[in-house]
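Student: Right, I'll just put the structure down here and ask away after.
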Amino acid sequence: MCVEPAPPPPGRLTRRGVLAASAALAGTATALASGTATAAGPARTGDLVVEGGTLLDPATGDVVEDAIVVIRDGVVRAAGPRDRVDVPADAPRLDAHGRWVLPGLIDAHIHLNTAAEARDAVRQGATSARSGSTNFYQDIAVRELARQAPQQAPRLKAAGVFVTPDLGDTVLADPDLTPLARLEDGVRSQEALRRVVSVNLARGVDVVKTRVNERAGLADQDPLTQVYSHAQLSEVVAAARRGGKGVLCHSYSEKGCHDAVTAGIRSLEHGVFVGERTLHEMRRRGTYFTPTLTAIAGLAEASDPVLAERGRTFLPVLERAVLAAHELGVPLAAGTDSSGGSIDPIGREVELMRTAGLPALDAIRTATTGAAHLLGLDGTAGRLARGHAGDVLLLSGDPLADVSVLKSPLRVVRSGVAL
């Protein structure tokens, strides 16, 4: 059965779409009401001077002691040694003596469904992020929350709803999805795949999320089972590209990974059994690898014995894949795959990148400059340089010696406001 021909949904984020997302996101409206920003007013940004700390620039690896970072209206105006930076006399100060100073981190795969989860992510150091999809366009609302009240949510690239064979209750996320409920075989035909992508584009997503394998986190599913063919994945990629968007793809098996990469996805998510031929293809194409080591490590701690054994088996395989990718020059991005109300610190993913064999600076880059490039945030996130966002972490120690300090930042600054 195919979807009956119908005009595409309107090419803008409608009031209906905003209200549906906000209602499902219980808490966003309250968060906005309690903040200083309103739909009619400016977002709250700050002026701040972070002084006296040891500043690390992930792009160059340069370390500057007794550094000054000057933030005006939420944007870095200057950063460097004290004797080379003019410090405004009237700006509030944040004493960073004895601390290391880094840019806010980026979680390139996270599921934010509530305002509380968004706040938690920021306070654990993820000041920018990319959604791994939500069921009812909650990430669209979180993205708007971040624009209106930046201290309450990461700067977010939204993925909307998952392009997956079985939408389940997600058919209720938008009336334009409900015709898909009639399909006996689920979202598999060209028309159905295009429909989900087009509704996502109409709702204003920044990226499109799909899958090639079943889930690892459900004991009754086999993550090596392939659910979409190369042709179907190519259809999703083509539909997304017509809207100017890239695709991230949930994947596990080597064949699935290879099909996804050669179909033209922008980033491979999870990718436990990705093989050398696919890694070479990823390097050639510039396809990113977001391994979500945190999520796979979490499986090993599951109470369900099937999931625990899966995690213990998968984690060393994925660690080897991550190191092989790094050595081949495949770009890597850090993502926790946090979901279900529990937000893992993005610093944990950096720590696991280090455990997999990456040098400390390269591990840090997966959550700063590397992830910034994947998200299209070059010049905004990933560094504390002139013109970049005033998002800062203060750390208790040297992350180049011990990346675990990234898991528990002492202070987080979002858009020039210290939290």
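Here's how to read the names in the structure tokens: chain A, B, ... by the order shown, residue numbers from 1 in each chain, ligand numbers from 1 in the order shown.
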Find the spatial neighbours of A:Gln190, counting only C-alpha atoms, within a cut-off of 8 Å - ignore same-chain residues fewer than 2 positions away - and output them as a list in words.
Tutor: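 Skipping anything fewer than 2 positions along the chain leaves Arg188, Ala192, Leu193, Arg194, Gln232 and Glu235 of chain A.
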Student: May I have the residues within 12 Å of A:Val237 as a ChimeraX atom specification, using only C-alpha atoms and disregarding those fewer than 2 positions away in the same chain?
Tutor: /A:163,190,193-194,197-198,207-211,230-235,239-249,259-267
Student: Considering only C-alpha atoms, can you say which of A:Gly390, A:Pro103, A:Gly125, A:Gly329 comes closest to A:Ser408?
Tutor: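 Among A:Gly390, A:Pro103, A:Gly125, A:Gly329, it is A:Gly125 that comes nearest to A:Ser408.
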Student: So that each row is one residue of stretch 248-296 of chain A with an atom at most 10 Å from stretch 371-386 of chain A, can you give its shortest atom pair and the distance in Å to one decimal, using only C-alpha atoms, rows by chain and rising number, as JSON lines?
Tutor:
{"residue": "A:Arg266", "atom": "CA", "partner": "A:Leu374", "partner_atom": "CA", "distance": 8.2}
{"residue": "A:Ser267", "atom": "CA", "partner": "A:Leu374", "partner_atom": "CA", "distance": 8.1}
{"residue": "A:Gly286", "atom": "CA", "partner": "A:Leu374", "partner_atom": "CA", "distance": 9.9}
{"residue": "A:Thr287", "atom": "CA", "partner": "A:Leu374", "partner_atom": "CA", "distance": 9.2}
{"residue": "A:Tyr288", "atom": "CA", "partner": "A:Leu374", "partner_atom": "CA", "distance": 7.2}
{"residue": "A:Phe289", "atom": "CA", "partner": "A:Leu374", "partner_atom": "CA", "distance": 9.8}
{"residue": "A:Thr290", "atom": "CA", "partner": "A:Ala371", "partner_atom": "CA", "distance": 9.1}
Student: Find, counting only C-alpha atoms, the residue in A:Ile140, A:Val392, A:Leu328, A:Leu112 that gets nearest to A:Leu406.
Tutor: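 The shortest atom-to-atom distance to A:Leu406 comes from A:Val392.
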Student: Residues within 9 Å of A:Leu224, please, as a VMD selection string. Count only C-alpha atoms; anything in the same chain fewer than 5 positions from it doesn't count.
Tutor: chain A and resid 213 to 216 251 to 254 256 273
Student: Please build the interface table for stretch 45-164 of chain A against stretch 348-363 of chain A with a cut-off of 9 Å, listing for each qualifying residue the nearest atom pair and the distance in Å to one decimal; count only C-alpha atoms, order rows by chain and increasing number, and write it as a tab-separated table.
Tutor:
residue	atom	partner	partner_atom	distance
A:Pro58	CA	A:Leu361	CA	6.9
A:Gly61	CA	A:Leu361	CA	6.9
A:Asp107	CA	A:Glu349	CA	8.9
Student: Mind writing the picked residues with C-alpha atoms as a PDB file, in the first residue's frame?
Tutor:
ATOM      1  CA  PRO A  58      41.118  22.792  21.197  1.00  0.00           C
ATOM      2  CA  GLY A  61      46.227  22.784  21.342  1.00  0.00           C
ATOM      3  CA  ASP A 107      26.804  16.604  22.477  1.00  0.00           C
TER       4      ASP A 107
END
Student: Just asking: which residues within stretch 180-419 of chain A are strand (DSSP E or B) according to DSSP, as JSON, numbers by chain?
Tutor: {"A": [208, 209, 210, 211, 213, 226, 247, 248, 249, 250, 251, 267, 268, 269, 270, 288, 289, 290, 332, 338, 339, 342, 389, 392, 393, 394, 395, 411, 412, 413, 414, 417, 418]}
Student: Let me see the file: selected residues, C-alpha atoms, as a compact mmCIF listing (two decimals), in the first residue's frame.
Tutor:
# COMPACT_ATOMS: atom_id res chain seq x y z
CA VAL A 208 17.01 14.20 9.38
CA LYS A 209 17.42 11.02 11.44
CA THR A 210 16.91 7.50 10.06
CA ARG A 211 18.04 3.97 10.82
CA ASN A 213 19.37 -1.57 11.88
CA GLN A 226 18.70 -4.54 8.68
CA VAL A 247 21.10 12.70 7.49
CA LEU A 248 22.33 10.93 10.60
CA CYS A 249 21.82 7.17 10.59
CA HIS A 250 21.41 4.69 13.47
CA SER A 251 23.51 1.67 12.50
CA SER A 267 27.08 10.88 10.03
CA LEU A 268 27.07 7.26 11.17
CA GLU A 269 25.63 6.77 14.67
CA HIS A 270 26.70 3.89 16.97
CA TYR A 288 31.38 11.57 10.46
CA PHE A 289 31.37 8.78 13.04
CA THR A 290 29.39 9.39 16.25
CA LEU A 332 34.70 11.73 15.01
CA SER A 338 21.13 10.27 26.46
CA SER A 339 17.39 9.64 26.61
CA SER A 342 18.61 10.58 32.32
CA ALA A 389 29.69 32.06 21.65
CA VAL A 392 32.71 28.47 28.98
CA LEU A 393 33.60 25.58 31.28
CA LEU A 394 35.76 25.96 34.39
CA LEU A 395 37.50 22.70 35.29
CA ARG A 411 31.16 26.28 36.60
CA VAL A 412 29.33 26.58 33.29
CA VAL A 413 28.89 29.87 31.47
CA ARG A 414 26.18 30.00 28.79
CA VAL A 417 25.91 34.19 32.03
CA ALA A 418 27.53 32.09 34.76
Student: Can you pull out every residue from stretch 312-361 of chain A that DSSP, working from the backbone, puts in helix (DSSP H, G or I), and format the result as a PyMOL selection string?
Tutor: chain A and resi 312-328+346-355+360-361
Student: Include C-alpha atoms and write out the residues we just selected as a PDB file, in the first residue's frame.
Tutor:
ATOM      1  CA  ARG A 312      29.885  -6.226  27.372  1.00  0.00           C
ATOM      2  CA  THR A 313      30.277  -7.751  23.910  1.00  0.00           C
ATOM      3  CA  PHE A 314      29.764  -4.592  21.895  1.00  0.00           C
ATOM      4  CA  LEU A 315      31.887  -2.116  23.870  1.00  0.00           C
ATOM      5  CA  PRO A 316      35.371  -3.508  23.093  1.00  0.00           C
ATOM      6  CA  VAL A 317      34.375  -3.954  19.448  1.00  0.00           C
ATOM      7  CA  LEU A 318      33.261  -0.333  19.266  1.00  0.00           C
ATOM      8  CA  GLU A 319      36.398   0.898  21.020  1.00  0.00           C
ATOM      9  CA  ARG A 320      38.511  -0.811  18.369  1.00  0.00           C
ATOM     10  CA  ALA A 321      36.355   0.720  15.633  1.00  0.00           C
ATOM     11  CA  VAL A 322      36.778   4.196  17.130  1.00  0.00           C
ATOM     12  CA  LEU A 323      40.549   3.870  17.282  1.00  0.00           C
ATOM     13  CA  ALA A 324      40.688   2.494  13.740  1.00  0.00           C
ATOM     14  CA  ALA A 325      38.540   5.394  12.529  1.00  0.00           C
ATOM     15  CA  HIS A 326      40.803   7.913  14.230  1.00  0.00           C
ATOM     16  CA  GLU A 327      43.956   6.365  12.822  1.00  0.00           C
ATOM     17  CA  LEU A 328      42.467   6.401   9.311  1.00  0.00           C
ATOM     18  CA  ILE A 346      29.212  14.704  27.592  1.00  0.00           C
ATOM     19  CA  GLY A 347      32.540  14.599  29.411  1.00  0.00           C
ATOM     20  CA  ARG A 348      31.954  10.884  29.914  1.00  0.00           C
ATOM     21  CA  GLU A 349      31.946  10.378  26.147  1.00  0.00           C
ATOM     22  CA  VAL A 350      35.248  12.252  25.871  1.00  0.00           C
ATOM     23  CA  GLU A 351      36.661  10.021  28.610  1.00  0.00           C
ATOM     24  CA  LEU A 352      35.582   6.917  26.687  1.00  0.00           C
ATOM     25  CA  MET A 353      37.144   8.296  23.487  1.00  0.00           C
ATOM     26  CA  ARG A 354      40.386   8.579  25.470  1.00  0.00           C
ATOM     27  CA  THR A 355      39.980   5.034  26.798  1.00  0.00           C
ATOM     28  CA  ALA A 360      43.611  13.526  25.097  1.00  0.00           C
ATOM     29  CA  LEU A 361      43.535  16.578  22.803  1.00  0.00           C
TER      30      LEU A 361
END
Student: I need the residue nearest A:Val75 from this list: A:Pro399, A:Pro150, A:Gly204, A:Gly387. Use only C-alpha atoms for the distance.
Tutor: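 Once distances to A:Val75 are computed over only C-alpha atoms, the minimum belongs to A:Gly387.
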